[in-house]
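Below is one structure; the comments refer to it alone.
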Amino acid sequence: MQAYIDQLIRDGYFAGMPKEVVYAVAMVLAAFIVLSVFVAPLAGVTSWLERRVWARMQSRVGPNRVGPQGILQWLADGIKNLLKEDLIPSAADAKLFSLAPYVVFVGFLCAFVVIPFGSQLIVADLNIGILYILAVTSLVVVGILMAGWSSNNKWSLLGGMRSAAQIVSYEIPAGLSILTIVFLAGTMSMQGIIKAQGWAPWDWFLFNNPFTFAAFFLYFTAALAEGNRTPFDIPEAESELVAGYVTEYSGMRFLFFFFAEWGNLYVIGAVATTLFLGGWQVPPVTSDPILLGVLQFVVFFLKAYLWVFIAMWVRATLPRVRVDQLMALCWKYMVPLSFLCLLGTICWMLVFPKGNQIFSVAMFVLGLLIVAYFFKRVVFQIRHARPELYFKPHI
Amino acid sequence: MDASVILFYVISVLLVLSSLMVVFLRNVVHCALALVVALFLIAILFVMLHAPMVGVLQVLVYAGAIMVLFLFVIMFLNPTASEPRRKLWWGFGSAAALLLAASLAALLSNGEAPADPVTATETFGSPETLAKSLFTDFVLPFEITSVLLLVAIIGAVVLAKREP
């Protein structure tokens, strides 16, 4: 991105303007484009798709009135929430209360700076990319704590406390499984990690060795917990805490929290794709730079969105865990397991410094068999449930 | 004036303001949040000094983890009334601050440039450089710090497990 702006300056597009002003305008413009063209529709469509997918999984229809198949439902929800009254409880700490949604929002939005959508399509390829994502997403918890405390409501406070404990705990297994990949790639830059993998599935870090395979699932579980997603959504457990830290919020501020949650889901998928699933790597089919860029973007987007879909699936399937179960899962199982993955990967790198191609292919075939059997079961279940509903998803 | 100098002054003024808020605000939660802002601004200063690794670690460890635990404890205890002013501590604190300011003033008024300045290049604050200097020149302090942290963890476990 900076290289592109430098090229434009050299070509004389901004003659007479100070370089810093051009940079500043470019940064604001890039942020605006990323937010309005990509992130907002992405989070919105995800919210619609999530409701449709749950509805299907629960034999309902879901929102299908606004636009074709209801795809514009998110716009209607947005307008409705903008027009609603923005209530601030009289006993609340008004300043912190109104500031909290923005802190959460900024924390998640900052992650988009280093997400690599293609070999050229990245805002900034920092040499500490993955560490940067961990840092900015850890700011979200400050916003959640602010929301919980400033509402001056015991449900909100309890929700905020649970969220803080949960996010700080699950950062450890998530960070350790990311470290496994950083060791394998030898770099923390997002583009560097992708370039260390290949387009073929057996060149992905997922199938590099059994320990990275386990680390992938550890990362995904920990990331779901950090994003306050079911089955780990105890901070906003409606059966015990009303709505947790968002209880007192209304209108657009309320929506901002959920906007961040749905957008964060895509960030989780994108990070998992970058680290484990080869990112934007495509087979060498074309040399046209624009076509290649589009192809890379499509591949990356689909890989990342698959995990958004799986997170929806998990949410519709699994019940919520209890607080003590959540902490026991993290500290007694996931932290030791992620240390094991780290040590295992280091040993593997010592034994096979260049990787083990045969083993990777075998892992890939095994993974394919598991997925195939899983789909056989899913189709069997659907056929015996309500085939006329499931095979006509456009009702 | 260079843009980075203007940015430095803006950030420094904000940093001093938020640090003063940490000391002078009467609500403990507000103080803690002002400290989060101050730590975040220090991280920006690190990034401007070509040390993005240290800056990001600053956000991750201090603003993201340690301050969250601070806020966690403060909010759980939920101090309803603002802290009362205590004259004695106020005196001690002011004396210590004055002492620090006097020694800093002596240091800053000495206008000589440092004898062996490090030039900040692109690779100056990269993870590789940081790791190399940590594991070669500073390996003993590094290991001592990690043993200290281990002792602290064991101490915390022992205290938590003590029979009532």
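Chain labels follow the order of the structure tokens: the first chain is A, the next B, and so on; residue numbering restarts at 1 in every chain, and ligands are counted from 1 in their shown order.
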Quiz item: Which chain A residues are at most 6 Å from chain B (counting only C-alpha atoms), as a VMD selection string?
Solution: chain A and resid 132 135 138 to 139
What would the file look like if the residues just selected were written as a CSV table (one decimal), in the first residue's frame with N, CA and C atoms?
chain,number,residue,atom,x,y,z
A,132,TYR,N,0.7,-8.2,16.0
A,132,TYR,CA,-0.2,-7.0,16.0
A,132,TYR,C,-1.6,-7.3,16.2
A,135,ALA,N,-2.4,-8.1,19.7
A,135,ALA,CA,-2.4,-6.9,20.5
A,135,ALA,C,-3.7,-6.1,20.3
A,138,SER,N,-6.7,-7.6,21.8
A,138,SER,CA,-6.7,-7.6,23.3
A,138,SER,C,-7.3,-6.3,23.8
A,139,LEU,N,-7.3,-5.3,22.9
A,139,LEU,CA,-7.9,-4.0,23.4
A,139,LEU,C,-9.4,-4.1,23.5
Quiz item: Any idea what's packed within 12 Å of Phe124 in chain B, counting only C-alpha atoms, ignoring anything in its chain fewer than 5 positions away? Could you give it as a list of chain:residue names?
Solution: A:Asn127, B:Phe46, B:Val47, B:Met48, B:Leu49, B:His50, B:Ala51, B:Pro52, B:Met53, B:Val54, B:Val118, B:Thr119, B:Thr129, B:Leu130, B:Ala131, B:Lys132, B:Ser133
Name the residues in contact with Phe216 in chain A at a cut-off of 10 Å, using only C-alpha atoms, excluding same-chain residues fewer than 6 positions from it; report them as a short mmCIF file (atom, residue, chain, number, x, y, z; two decimals) with C-alpha atoms, in the first residue's frame.
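Now in around-v2.cif:
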data_model
loop_
_atom_site.label_atom_id
_atom_site.label_comp_id
_atom_site.auth_asym_id
_atom_site.auth_seq_id
_atom_site.Cartn_x
_atom_site.Cartn_y
_atom_site.Cartn_z
CA ALA A 174 -4.47 -19.06 21.01
CA SER A 177 -0.84 -22.29 18.73
CA ILE A 178 0.02 -19.19 16.69
CA THR A 180 3.75 -23.03 16.58
CA ILE A 181 3.22 -21.62 13.10
CA PHE A 205 0.89 -25.85 7.65
CA LEU A 206 -2.31 -27.65 8.69
CA PHE A 207 -0.97 -30.93 7.31
CA ALA A 222 -9.69 -20.46 21.62
CA ALA A 272 -6.85 -19.34 10.57
CA THR A 273 -6.61 -19.29 6.75
CA LEU A 275 -1.71 -19.44 9.44
CA PHE A 276 -2.86 -22.93 8.57
CA LEU A 277 -4.66 -23.06 5.21
CA SER A 338 -0.96 -26.24 23.13
CA CYS A 341 1.85 -28.95 20.14
#
Quiz prompt | Shortest interatomic distance to Ile74 in chain B - which of A:Leu295, A:Met146, A:Leu83, A:Leu29, counting only C-alpha atoms | solution = A:Met146
Which polymer residues have any atom within 7 Å of an atom of range 334-337 of chain A, counting only C-alpha atoms, with same-chain residues fewer than 3 positions away left out, as an mmCIF file with C-alpha atoms, in the first residue's frame?
data_model
loop_
_atom_site.group_PDB
_atom_site.id
_atom_site.type_symbol
_atom_site.label_atom_id
_atom_site.label_comp_id
_atom_site.auth_asym_id
_atom_site.auth_seq_id
_atom_site.Cartn_x
_atom_site.Cartn_y
_atom_site.Cartn_z
ATOM 1 C CA ILE A 172 -2.748 -18.168 26.084
ATOM 2 C CA PRO A 173 -3.738 -21.273 24.037
ATOM 3 C CA LEU A 218 -6.899 -25.397 19.511
ATOM 4 C CA LEU A 329 -11.307 -26.481 29.625
ATOM 5 C CA CYS A 330 -8.849 -23.643 29.109
ATOM 6 C CA TRP A 331 -6.374 -24.143 31.947
ATOM 7 C CA LEU A 340 2.554 -30.117 23.712
ATOM 8 C CA CYS A 341 1.853 -28.950 20.144
#
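With CA of Val142 in chain A on one side and CA of Pro319 in chain A on the other, the separation reads 27.1 Å.
Note that the spacing between CA of Ile290 in chain A and CA of Gly278 in chain A amounts to 20.1 Å.
Interatomic distance, CA of Leu134 in chain A against CA of Val106 in chain A: 13.7 Å.
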Practice problem: Excluding Pro63 in chain A and any residue of its chain fewer than 6 positions from it, enumerate the residues within 12 Å of it, using only C-alpha atoms, and give them as a VMD selection string. | Solution: chain A and resid 45 47 to 56 69 to 74 76 to 77 394 to 395
Pull C-alpha atoms from the residues just selected and write them as a PDB file, in the first residue's frame.
ATOM      1  CA  VAL A  45     -24.485 -10.174   5.422  1.00  0.00           C
ATOM      2  CA  SER A  47     -25.645 -11.472  10.504  1.00  0.00           C
ATOM      3  CA  TRP A  48     -28.342 -12.268   7.909  1.00  0.00           C
ATOM      4  CA  LEU A  49     -26.696 -15.530   6.866  1.00  0.00           C
ATOM      5  CA  GLU A  50     -26.306 -16.583  10.484  1.00  0.00           C
ATOM      6  CA  ARG A  51     -30.012 -16.136  11.120  1.00  0.00           C
ATOM      7  CA  ARG A  52     -30.910 -17.988   7.914  1.00  0.00           C
ATOM      8  CA  VAL A  53     -28.510 -20.846   8.672  1.00  0.00           C
ATOM      9  CA  TRP A  54     -29.775 -21.282  12.242  1.00  0.00           C
ATOM     10  CA  ALA A  55     -33.334 -21.162  11.003  1.00  0.00           C
ATOM     11  CA  ARG A  56     -32.605 -23.949   8.534  1.00  0.00           C
ATOM     12  CA  GLN A  69     -34.059 -14.207   0.069  1.00  0.00           C
ATOM     13  CA  GLY A  70     -33.959 -11.452   2.729  1.00  0.00           C
ATOM     14  CA  ILE A  71     -30.333 -10.569   1.973  1.00  0.00           C
ATOM     15  CA  LEU A  72     -30.963  -6.870   2.705  1.00  0.00           C
ATOM     16  CA  GLN A  73     -32.306  -7.616   6.186  1.00  0.00           C
ATOM     17  CA  TRP A  74     -29.097  -6.196   7.723  1.00  0.00           C
ATOM     18  CA  ALA A  76     -33.249  -2.702   7.486  1.00  0.00           C
ATOM     19  CA  ASP A  77     -31.893  -3.626  10.942  1.00  0.00           C
ATOM     20  CA  HIS A 394     -34.785 -21.074  -1.230  1.00  0.00           C
ATOM     21  CA  ILE A 395     -38.202 -21.188   0.472  1.00  0.00           C
TER      22      ILE A 395
END
Exercise. Name the residues in contact with Val23 in chain B at a cut-off of 12 Å, using only C-alpha atoms, excluding same-chain residues fewer than 2 positions from it; report them as a ChimeraX atom specification.
Key: /B:16-21,25-35,38,83,85,90,93-94,97
Exercise. Write out as a list in words the residues lying within 6 Å of range 265-270 of chain A, counting only C-alpha atoms and excluding same-chain residues fewer than 4 positions away.
Key: Ala304, Trp307 and Val308 of chain A
Practice problem: Going by DSSP on the backbone, which bits of range 60-239 of chain A are helix (DSSP H, G or I)? Write them as a VMD selection string, please. | Solution: chain A and resid 68 to 70 73 to 83 94 to 114 129 to 138 140 to 150 154 to 185 190 to 195 201 to 203 205 to 207 210 to 226 234 to 236 238 to 239
